[in-house]
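Undergrad: Below is one structure. I have some questions about it.
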Amino acid sequence: MQSEVKQVQLVEVGPRDGLQNDPTLLDVDTRIEFITRLVDTGVKRIEAVSFVNDKRVPAMAGAEAVMAGVPRGRGVSYIGLALNTRGFDRAVLAGVDEVNYVVCASDTFNQRNQGAPRAATLAAMHDIASKARDAGLPCSLTVATAFGCPFEGEVDVAVVSEIARQAADAGITELGLADTIGVATPLNVKTLVAAARAAAPGMALRCHFHNTRNTGIVNAYAAVEAGISVLDASTAGIGGCPFAPKATGNIGSEDLLYMLHRMGIETGIDLPKLIEVAKWLEGALGHATFAQVSRAGLFPAAA
Ligand code: ZN
């Protein structure tokens with residue numbers, strides 16, 4: 001099938017999903033600098049922070065201070081991740097533009113990640129979505145482990161469909177299908193996107209891939225072929241997989257943009273500038289990162 005997508009919106013998740021799973025902790029000022037550099041490249045949606053317990057997740061400590069320092073008035077929507085109503089309330093007070101809530105398709109993963117059964121997290125989604133409406137904020141839902149779970153193995157598509165149906169009922173504004181542990185293949189992407197569309201007709205969809213098993217970029221291509229126009233990625237491909245300590249991270253934003261731009265799909269982002277951000281980030285983290293285009297350079301070479 002010929003792709004009809006002519007424009008893709010990148011949701012840059014490096015400051016949250018990326019840094020949260022990186023061995024190096026960046027302080028608040030460096031995280032603000034990272035976000036500011038991203039804004040300068042033309043990125044319009046950034047998952048900036050997570051409102052979780054600072055002690056449990058030190059990489060995300062100081063979420064309020066980060067939000068207080070990000071550039072405003074430049075048309076960027078900042079997303080704050082919340083796993084419960086307390087996190088949601090903090091996100092609103094901190095001035096996020098969007099809230100992202102998470103349910104894990106796998107019950108075991110949900111229990112480990114969020115300390116609650118999936119059913120409870122799903123029930124709370126209705127409260128969060130209604131609070132978001134009252135606050136006038138869009139509220140997206142990420143379905144984590146939608147393509148597979150490290151504990152339960154294969155995830156039944158019907159489970160994701162049911163979550164999608166409930167998300168639509170709750171008034172969730174966008175549904176993210178996340179391959180949290182990087183196990184999906186293009187066929188899985190095609191199947192799950194179709195299932196989500198059938199379960200929640202008209203729902204905005206977003207896809208989130210990790211490159212854990214080197215299928216991240218080809219999955220992004222499959223998503224675009226399936227008509228998905230919103231994709232998550234992290235600059236320099238930072239991040240990781242909490243259950244595969246040596247694994248690579250999210251798909252790299254510069255790798256994704258390279259593919260999309262060469263296919264004639266616009267993103268509105270200055271790729272050479274983003275590559276500079278990736279190099280700066282690698283320096284700030286003090287270790288090698290995973291994305292490839294920053295190393296290889298552009299083709300044709302940028303003037
Ligand atoms: Zn992720």
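Just remember, in the structure tokens the first chain shown is A, the second B, etc., residues are 1-based per chain, and ligands are 1-based in the order shown.
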Taking the DSSP secondary structure from the backbone, can you list the residues of region 60-141 of chain A that are strand (DSSP E or B), as a PDB file with all heavy atoms, in the first residue's frame?
TA:
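Writing the result to states34.pdb gives the following:
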```
ATOM      1  N   SER A  77       4.242  22.206  22.555  1.00  0.00           N
ATOM      2  CA  SER A  77       3.384  21.576  23.544  1.00  0.00           C
ATOM      3  C   SER A  77       4.230  20.640  24.406  1.00  0.00           C
ATOM      4  O   SER A  77       4.852  19.707  23.899  1.00  0.00           O
ATOM      5  CB  SER A  77       2.277  20.793  22.827  1.00  0.00           C
ATOM      6  OG  SER A  77       1.342  20.326  23.768  1.00  0.00           O
ATOM      7  N   TYR A  78       4.269  20.922  25.699  1.00  0.00           N
ATOM      8  CA  TYR A  78       5.053  20.103  26.625  1.00  0.00           C
ATOM      9  C   TYR A  78       4.160  19.068  27.286  1.00  0.00           C
ATOM     10  O   TYR A  78       3.129  19.397  27.874  1.00  0.00           O
ATOM     11  CB  TYR A  78       5.711  20.985  27.689  1.00  0.00           C
ATOM     12  CG  TYR A  78       6.737  21.922  27.107  1.00  0.00           C
ATOM     13  CD1 TYR A  78       6.469  23.280  26.988  1.00  0.00           C
ATOM     14  CD2 TYR A  78       7.960  21.434  26.642  1.00  0.00           C
ATOM     15  CE1 TYR A  78       7.403  24.144  26.431  1.00  0.00           C
ATOM     16  CE2 TYR A  78       8.897  22.288  26.078  1.00  0.00           C
ATOM     17  CZ  TYR A  78       8.611  23.643  25.979  1.00  0.00           C
ATOM     18  OH  TYR A  78       9.537  24.488  25.419  1.00  0.00           O
ATOM     19  N   ILE A  79       4.601  17.833  27.202  1.00  0.00           N
ATOM     20  CA  ILE A  79       3.831  16.717  27.758  1.00  0.00           C
ATOM     21  C   ILE A  79       4.454  16.295  29.083  1.00  0.00           C
ATOM     22  O   ILE A  79       5.674  16.132  29.180  1.00  0.00           O
ATOM     23  CB  ILE A  79       3.845  15.505  26.797  1.00  0.00           C
ATOM     24  CG1 ILE A  79       3.375  15.920  25.399  1.00  0.00           C
ATOM     25  CG2 ILE A  79       2.997  14.360  27.367  1.00  0.00           C
ATOM     26  CD1 ILE A  79       3.569  14.844  24.330  1.00  0.00           C
ATOM     27  N   GLY A  80       3.617  16.123  30.088  1.00  0.00           N
ATOM     28  CA  GLY A  80       4.076  15.579  31.361  1.00  0.00           C
ATOM     29  C   GLY A  80       3.450  14.213  31.573  1.00  0.00           C
ATOM     30  O   GLY A  80       2.259  14.014  31.356  1.00  0.00           O
ATOM     31  N   LEU A  81       4.272  13.253  31.981  1.00  0.00           N
ATOM     32  CA  LEU A  81       3.766  11.909  32.224  1.00  0.00           C
ATOM     33  C   LEU A  81       3.236  11.800  33.659  1.00  0.00           C
ATOM     34  O   LEU A  81       3.895  12.266  34.591  1.00  0.00           O
ATOM     35  CB  LEU A  81       4.898  10.902  32.021  1.00  0.00           C
ATOM     36  CG  LEU A  81       4.468   9.448  32.030  1.00  0.00           C
ATOM     37  CD1 LEU A  81       4.338   8.951  30.598  1.00  0.00           C
ATOM     38  CD2 LEU A  81       5.460   8.577  32.764  1.00  0.00           C
ATOM     39  N   ALA A  82       2.058  11.231  33.795  1.00  0.00           N
ATOM     40  CA  ALA A  82       1.489  11.023  35.126  1.00  0.00           C
ATOM     41  C   ALA A  82       0.985   9.595  35.222  1.00  0.00           C
ATOM     42  O   ALA A  82       0.369   9.084  34.285  1.00  0.00           O
ATOM     43  CB  ALA A  82       0.345  11.997  35.372  1.00  0.00           C
ATOM     44  N   GLU A  98       0.008  19.167  28.035  1.00  0.00           N
ATOM     45  CA  GLU A  98      -0.691  17.894  27.818  1.00  0.00           C
ATOM     46  C   GLU A  98      -0.261  16.935  28.912  1.00  0.00           C
ATOM     47  O   GLU A  98       0.883  16.999  29.363  1.00  0.00           O
ATOM     48  CB  GLU A  98      -0.268  17.207  26.511  1.00  0.00           C
ATOM     49  CG  GLU A  98      -0.495  17.952  25.257  1.00  0.00           C
ATOM     50  CD  GLU A  98       0.079  17.152  24.074  1.00  0.00           C
ATOM     51  OE1 GLU A  98      -0.200  15.937  23.947  1.00  0.00           O
ATOM     52  OE2 GLU A  98       0.820  17.746  23.288  1.00  0.00           O
ATOM     53  N   VAL A  99      -1.156  16.022  29.222  1.00  0.00           N
ATOM     54  CA  VAL A  99      -0.790  14.968  30.160  1.00  0.00           C
ATOM     55  C   VAL A  99      -0.805  13.646  29.408  1.00  0.00           C
ATOM     56  O   VAL A  99      -1.655  13.416  28.553  1.00  0.00           O
ATOM     57  CB  VAL A  99      -1.789  14.907  31.336  1.00  0.00           C
ATOM     58  CG1 VAL A  99      -1.527  13.697  32.212  1.00  0.00           C
ATOM     59  CG2 VAL A  99      -1.705  16.188  32.158  1.00  0.00           C
ATOM     60  N   ASN A 100       0.177  12.802  29.710  1.00  0.00           N
ATOM     61  CA  ASN A 100       0.173  11.450  29.157  1.00  0.00           C
ATOM     62  C   ASN A 100       0.051  10.465  30.320  1.00  0.00           C
ATOM     63  O   ASN A 100       0.822  10.523  31.274  1.00  0.00           O
ATOM     64  CB  ASN A 100       1.454  11.190  28.360  1.00  0.00           C
ATOM     65  CG  ASN A 100       1.430   9.840  27.665  1.00  0.00           C
ATOM     66  OD1 ASN A 100       0.387   9.397  27.189  1.00  0.00           O
ATOM     67  ND2 ASN A 100       2.564   9.166  27.619  1.00  0.00           N
ATOM     68  N   TYR A 101      -0.954   9.615  30.231  1.00  0.00           N
ATOM     69  CA  TYR A 101      -1.199   8.607  31.249  1.00  0.00           C
ATOM     70  C   TYR A 101      -0.811   7.248  30.656  1.00  0.00           C
ATOM     71  O   TYR A 101      -0.807   7.086  29.432  1.00  0.00           O
ATOM     72  CB  TYR A 101      -2.687   8.639  31.618  1.00  0.00           C
ATOM     73  CG  TYR A 101      -3.110   7.717  32.738  1.00  0.00           C
ATOM     74  CD1 TYR A 101      -2.651   7.915  34.034  1.00  0.00           C
ATOM     75  CD2 TYR A 101      -4.005   6.673  32.500  1.00  0.00           C
ATOM     76  CE1 TYR A 101      -3.060   7.083  35.067  1.00  0.00           C
ATOM     77  CE2 TYR A 101      -4.416   5.837  33.535  1.00  0.00           C
ATOM     78  CZ  TYR A 101      -3.936   6.046  34.809  1.00  0.00           C
ATOM     79  OH  TYR A 101      -4.342   5.222  35.828  1.00  0.00           O
ATOM     80  N   VAL A 102      -0.463   6.312  31.509  1.00  0.00           N
ATOM     81  CA  VAL A 102       0.045   5.032  30.999  1.00  0.00           C
ATOM     82  C   VAL A 102      -0.715   3.854  31.604  1.00  0.00           C
ATOM     83  O   VAL A 102      -0.920   3.791  32.820  1.00  0.00           O
ATOM     84  CB  VAL A 102       1.549   4.862  31.345  1.00  0.00           C
ATOM     85  CG1 VAL A 102       2.079   3.538  30.806  1.00  0.00           C
ATOM     86  CG2 VAL A 102       2.372   6.020  30.799  1.00  0.00           C
ATOM     87  N   VAL A 103      -1.114   2.939  30.742  1.00  0.00           N
ATOM     88  CA  VAL A 103      -1.631   1.643  31.174  1.00  0.00           C
ATOM     89  C   VAL A 103      -0.791   0.586  30.472  1.00  0.00           C
ATOM     90  O   VAL A 103      -0.477   0.731  29.282  1.00  0.00           O
ATOM     91  CB  VAL A 103      -3.115   1.453  30.769  1.00  0.00           C
ATOM     92  CG1 VAL A 103      -3.586   0.035  31.076  1.00  0.00           C
ATOM     93  CG2 VAL A 103      -4.008   2.458  31.477  1.00  0.00           C
ATOM     94  N   CYS A 104      -0.397  -0.444  31.187  1.00  0.00           N
ATOM     95  CA  CYS A 104       0.368  -1.518  30.547  1.00  0.00           C
ATOM     96  C   CYS A 104      -0.590  -2.605  30.077  1.00  0.00           C
ATOM     97  O   CYS A 104      -1.463  -3.028  30.838  1.00  0.00           O
ATOM     98  CB  CYS A 104       1.380  -2.104  31.514  1.00  0.00           C
ATOM     99  SG  CYS A 104       2.480  -0.857  32.213  1.00  0.00           S
ATOM    100  N   CYS A 139      -5.414  14.861  27.054  1.00  0.00           N
ATOM    101  CA  CYS A 139      -4.864  13.745  27.837  1.00  0.00           C
ATOM    102  C   CYS A 139      -4.706  12.539  26.930  1.00  0.00           C
ATOM    103  O   CYS A 139      -5.691  11.980  26.436  1.00  0.00           O
ATOM    104  CB  CYS A 139      -5.788  13.420  29.004  1.00  0.00           C
ATOM    105  SG  CYS A 139      -5.156  12.106  30.064  1.00  0.00           S
ATOM    106  N   SER A 140      -3.465  12.157  26.695  1.00  0.00           N
ATOM    107  CA  SER A 140      -3.222  10.975  25.876  1.00  0.00           C
ATOM    108  C   SER A 140      -3.015   9.765  26.779  1.00  0.00           C
ATOM    109  O   SER A 140      -2.752   9.903  27.974  1.00  0.00           O
ATOM    110  CB  SER A 140      -2.001  11.192  24.974  1.00  0.00           C
ATOM    111  OG  SER A 140      -0.874  11.527  25.742  1.00  0.00           O
ATOM    112  N   LEU A 141      -3.172   8.605  26.174  1.00  0.00           N
ATOM    113  CA  LEU A 141      -2.924   7.364  26.905  1.00  0.00           C
ATOM    114  C   LEU A 141      -1.887   6.550  26.147  1.00  0.00           C
ATOM    115  O   LEU A 141      -2.050   6.272  24.955  1.00  0.00           O
ATOM    116  CB  LEU A 141      -4.201   6.524  27.017  1.00  0.00           C
ATOM    117  CG  LEU A 141      -3.973   5.138  27.643  1.00  0.00           C
ATOM    118  CD1 LEU A 141      -3.763   5.250  29.149  1.00  0.00           C
ATOM    119  CD2 LEU A 141      -5.121   4.188  27.343  1.00  0.00           C
TER     120      LEU A 141
END
```
Undergrad: Hey, which residues sit close to ligand 1? Say within 7 Å, counting only C-alpha atoms and all ligand atoms, and write them as a ChimeraX atom specification.
TA: /A:17,178-180,208-210,250
Undergrad: Report as a Markdown table: every residue of region 205-275 of chain A with an atom at most 8 Å from region 9-15 of chain A, its closest pair of atoms, and their distance in Å to one decimal, counting only C-alpha atoms, with rows sorted by chain and ascending residue number.
TA:
```
| residue | atom | partner | partner_atom | distance |
| --- | --- | --- | --- | --- |
| A:Ser229 | CA | A:Gln9 | CA | 6.1 |
| A:Val230 | CA | A:Gln9 | CA | 4.7 |
| A:Leu231 | CA | A:Leu10 | CA | 5.2 |
| A:Asp232 | CA | A:Val11 | CA | 4.6 |
| A:Ala233 | CA | A:Glu12 | CA | 5.4 |
| A:Ser234 | CA | A:Gly14 | CA | 4.2 |
| A:Thr235 | CA | A:Gly14 | CA | 5.7 |
| A:Gly237 | CA | A:Gly14 | CA | 7.8 |
| A:Ile238 | CA | A:Gly14 | CA | 6.5 |
| A:Gly239 | CA | A:Gly14 | CA | 7.3 |
| A:Ser253 | CA | A:Glu12 | CA | 7.2 |
| A:Thr267 | CA | A:Gln9 | CA | 5.8 |
```
Undergrad: With N, CA and C atoms retained, export the selected residues as a PDB file, in the first residue's frame.
TA:
```
ATOM      1  N   SER A 229       0.667   9.254  11.663  1.00  0.00           N
ATOM      2  CA  SER A 229       1.418  10.482  11.377  1.00  0.00           C
ATOM      3  C   SER A 229       1.994  11.128  12.633  1.00  0.00           C
ATOM      4  N   VAL A 230       1.953  10.414  13.740  1.00  0.00           N
ATOM      5  CA  VAL A 230       2.571  10.916  14.972  1.00  0.00           C
ATOM      6  C   VAL A 230       3.458   9.804  15.536  1.00  0.00           C
ATOM      7  N   LEU A 231       4.751  10.099  15.650  1.00  0.00           N
ATOM      8  CA  LEU A 231       5.702   9.079  16.108  1.00  0.00           C
ATOM      9  C   LEU A 231       6.592   9.626  17.215  1.00  0.00           C
ATOM     10  N   ASP A 232       6.813   8.805  18.229  1.00  0.00           N
ATOM     11  CA  ASP A 232       7.753   9.133  19.291  1.00  0.00           C
ATOM     12  C   ASP A 232       9.160   8.717  18.861  1.00  0.00           C
ATOM     13  N   ALA A 233      10.151   9.481  19.305  1.00  0.00           N
ATOM     14  CA  ALA A 233      11.554   9.091  19.118  1.00  0.00           C
ATOM     15  C   ALA A 233      12.384   9.921  20.088  1.00  0.00           C
ATOM     16  N   SER A 234      13.623   9.477  20.324  1.00  0.00           N
ATOM     17  CA  SER A 234      14.493  10.240  21.223  1.00  0.00           C
ATOM     18  C   SER A 234      15.778  10.625  20.511  1.00  0.00           C
ATOM     19  N   THR A 235      16.183  11.852  20.708  1.00  0.00           N
ATOM     20  CA  THR A 235      17.437  12.331  20.122  1.00  0.00           C
ATOM     21  C   THR A 235      18.595  11.451  20.584  1.00  0.00           C
ATOM     22  N   GLY A 237      18.879   8.516  20.180  1.00  0.00           N
ATOM     23  CA  GLY A 237      18.404   7.159  20.484  1.00  0.00           C
ATOM     24  C   GLY A 237      18.622   6.772  21.939  1.00  0.00           C
ATOM     25  N   ILE A 238      18.651   7.789  22.810  1.00  0.00           N
ATOM     26  CA  ILE A 238      18.892   7.470  24.225  1.00  0.00           C
ATOM     27  C   ILE A 238      17.692   6.741  24.816  1.00  0.00           C
ATOM     28  N   GLY A 239      17.914   6.203  25.982  1.00  0.00           N
ATOM     29  CA  GLY A 239      16.866   5.430  26.636  1.00  0.00           C
ATOM     30  C   GLY A 239      17.392   4.044  26.875  1.00  0.00           C
ATOM     31  N   SER A 253      15.727  10.071  17.019  1.00  0.00           N
ATOM     32  CA  SER A 253      14.979  11.098  16.273  1.00  0.00           C
ATOM     33  C   SER A 253      15.670  11.417  14.954  1.00  0.00           C
ATOM     34  N   THR A 267       8.587  17.108   8.406  1.00  0.00           N
ATOM     35  CA  THR A 267       8.424  17.122   9.864  1.00  0.00           C
ATOM     36  C   THR A 267       8.535  18.533  10.438  1.00  0.00           C
TER      37      THR A 267
END
```
Undergrad: Take CA of Asn211 (chain A) and CA of Val183 (chain A) and report the distance between them in Å, one decimal.
TA: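 CA of Val183 (chain A) lies 8.5 Å from CA of Asn211 (chain A).
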Undergrad: Tell me, which residues of region 102-267 of chain A carry DSSP alpha helix (DSSP H), written as a PyMOL selection string?
TA: chain A and resi 107-114+118-135+157-170+186-199+216-225+253-262
Undergrad: Considering only C-alpha atoms, return as a PyMOL selection string whatever protein or nucleic-acid residues lie within 9 Å of Thr121 (chain A), sequence-local ones (same chain, fewer than 2 positions apart) excluded.
TA: chain A and resi 83-84+102-104+110+114+116-119+123-125
Undergrad: Give the answer as one residue: which of A:Ala200, A:Ala291, A:Val160, A:Ala195 has the shortest atom-to-atom distance to Gly216 (chain A), using only C-alpha atoms?
TA: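 Nearest to Gly216 (chain A): A:Ala291.
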Undergrad: Could you pull the residues within 12 Å of Ala168 (chain A), counting only C-alpha atoms, minus those fewer than 2 positions along the same chain, as a PyMOL selection string?
TA: chain A and resi 125-126+129+139-141+161-166+170-175+196-205
Undergrad: Can you tell me which residues surround Glu254 (chain A) at a distance of at most 12 Å, considering only C-alpha atoms, apart from same-chain residues fewer than 5 positions away, and format the answer as a VMD selection string?
TA: chain A and resid 10 12 14 38 41 43 217 232 to 238 259 to 262 267 269 to 279 290 to 298
Undergrad: Please provide as a ChimeraX atom specification all residues within 9 Å of Cys241 (chain A), with the sequence filter that same-chain residues fewer than 5 positions apart are discarded (counting only C-alpha atoms).
TA: /A:21,180-182,210,212,246-250
Undergrad: Hey, can you spit out that residue selection with all heavy atoms as a short mmCIF file (atom, residue, chain, number, x, y, z; two decimals), in the first residue's frame?
TA:
```
data_model
loop_
_atom_site.label_atom_id
_atom_site.label_comp_id
_atom_site.auth_asym_id
_atom_site.auth_seq_id
_atom_site.Cartn_x
_atom_site.Cartn_y
_atom_site.Cartn_z
N ASN A 21 15.80 6.34 31.46
CA ASN A 21 16.43 5.02 31.35
C ASN A 21 17.91 5.10 31.02
O ASN A 21 18.50 4.14 30.53
CB ASN A 21 15.69 4.19 30.30
CG ASN A 21 14.28 3.84 30.75
OD1 ASN A 21 14.09 3.14 31.73
ND2 ASN A 21 13.28 4.37 30.07
N THR A 180 7.36 -1.06 24.38
CA THR A 180 8.23 -0.70 25.51
C THR A 180 9.52 -1.50 25.55
O THR A 180 10.57 -0.98 25.92
CB THR A 180 7.43 -0.94 26.82
OG1 THR A 180 6.17 -0.29 26.68
CG2 THR A 180 8.17 -0.42 28.03
N ILE A 181 9.46 -2.77 25.20
CA ILE A 181 10.67 -3.61 25.31
C ILE A 181 11.27 -3.96 23.94
O ILE A 181 12.19 -4.75 23.85
CB ILE A 181 10.39 -4.90 26.13
CG1 ILE A 181 9.32 -5.77 25.47
CG2 ILE A 181 10.00 -4.54 27.56
CD1 ILE A 181 9.27 -7.20 26.01
N GLY A 182 10.73 -3.33 22.87
CA GLY A 182 11.36 -3.47 21.56
C GLY A 182 11.33 -4.87 20.99
O GLY A 182 12.37 -5.44 20.66
N HIS A 210 10.92 1.14 20.36
CA HIS A 210 12.28 1.02 20.87
C HIS A 210 13.06 0.17 19.89
O HIS A 210 12.51 -0.75 19.26
CB HIS A 210 12.28 0.40 22.27
CG HIS A 210 11.90 1.36 23.34
ND1 HIS A 210 12.76 1.75 24.33
CD2 HIS A 210 10.74 2.04 23.55
CE1 HIS A 210 12.15 2.63 25.13
NE2 HIS A 210 10.93 2.81 24.68
N THR A 212 15.39 -1.97 20.52
CA THR A 212 16.04 -3.02 21.30
C THR A 212 16.55 -4.18 20.45
O THR A 212 17.62 -4.73 20.71
CB THR A 212 15.04 -3.55 22.35
OG1 THR A 212 14.31 -2.44 22.89
CG2 THR A 212 15.74 -4.31 23.46
N LYS A 246 21.65 -4.08 28.64
CA LYS A 246 22.61 -3.67 27.62
C LYS A 246 21.93 -3.16 26.36
O LYS A 246 22.59 -2.88 25.36
CB LYS A 246 23.52 -4.85 27.26
CG LYS A 246 24.47 -5.21 28.39
CD LYS A 246 25.36 -6.37 28.00
CE LYS A 246 26.26 -6.78 29.16
NZ LYS A 246 26.93 -8.04 28.91
N ALA A 247 20.61 -3.08 26.39
CA ALA A 247 19.87 -2.80 25.16
C ALA A 247 19.97 -1.34 24.74
O ALA A 247 20.27 -0.46 25.53
CB ALA A 247 18.40 -3.16 25.36
N THR A 248 19.70 -1.12 23.45
CA THR A 248 19.61 0.23 22.92
C THR A 248 18.29 0.85 23.35
O THR A 248 17.44 0.19 23.95
CB THR A 248 19.67 0.20 21.38
OG1 THR A 248 18.67 -0.69 20.91
CG2 THR A 248 21.03 -0.29 20.91
N GLY A 249 18.10 2.13 22.99
CA GLY A 249 16.94 2.86 23.49
C GLY A 249 15.81 3.03 22.49
O GLY A 249 15.56 2.14 21.67
N ASN A 250 15.16 4.17 22.60
CA ASN A 250 14.10 4.53 21.66
C ASN A 250 14.71 4.63 20.26
O ASN A 250 15.92 4.76 20.12
CB ASN A 250 13.52 5.91 22.00
CG ASN A 250 12.78 5.94 23.32
OD1 ASN A 250 13.37 6.14 24.37
ND2 ASN A 250 11.49 5.73 23.27
#
```
Undergrad: With a distance cut-off of 7 Å and only C-alpha atoms, select the neighbouring residues of region 219-221 of chain A, excluding the residue or stretch itself and same-chain residues fewer than 6 positions from it, and output the selection as a list in words.
TA: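 Result of the neighbour search: Thr185, Pro186 and Val189 of chain A.
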Undergrad: Output N, CA and C atoms for every residue in the selection just made, as a compact mmCIF listing (two decimals), in the first residue's frame.
TA:
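Dumped everything to again-v3.txt:
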```
# COMPACT_ATOMS: atom_id res chain seq x y z
N THR A 185 7.50 -6.41 15.26
CA THR A 185 7.92 -6.45 13.86
C THR A 185 6.86 -5.67 13.07
N PRO A 186 7.17 -5.32 11.80
CA PRO A 186 6.21 -4.54 11.02
C PRO A 186 4.82 -5.19 10.93
N VAL A 189 2.87 -4.31 13.90
CA VAL A 189 2.46 -2.90 13.87
C VAL A 189 1.18 -2.76 13.05
```
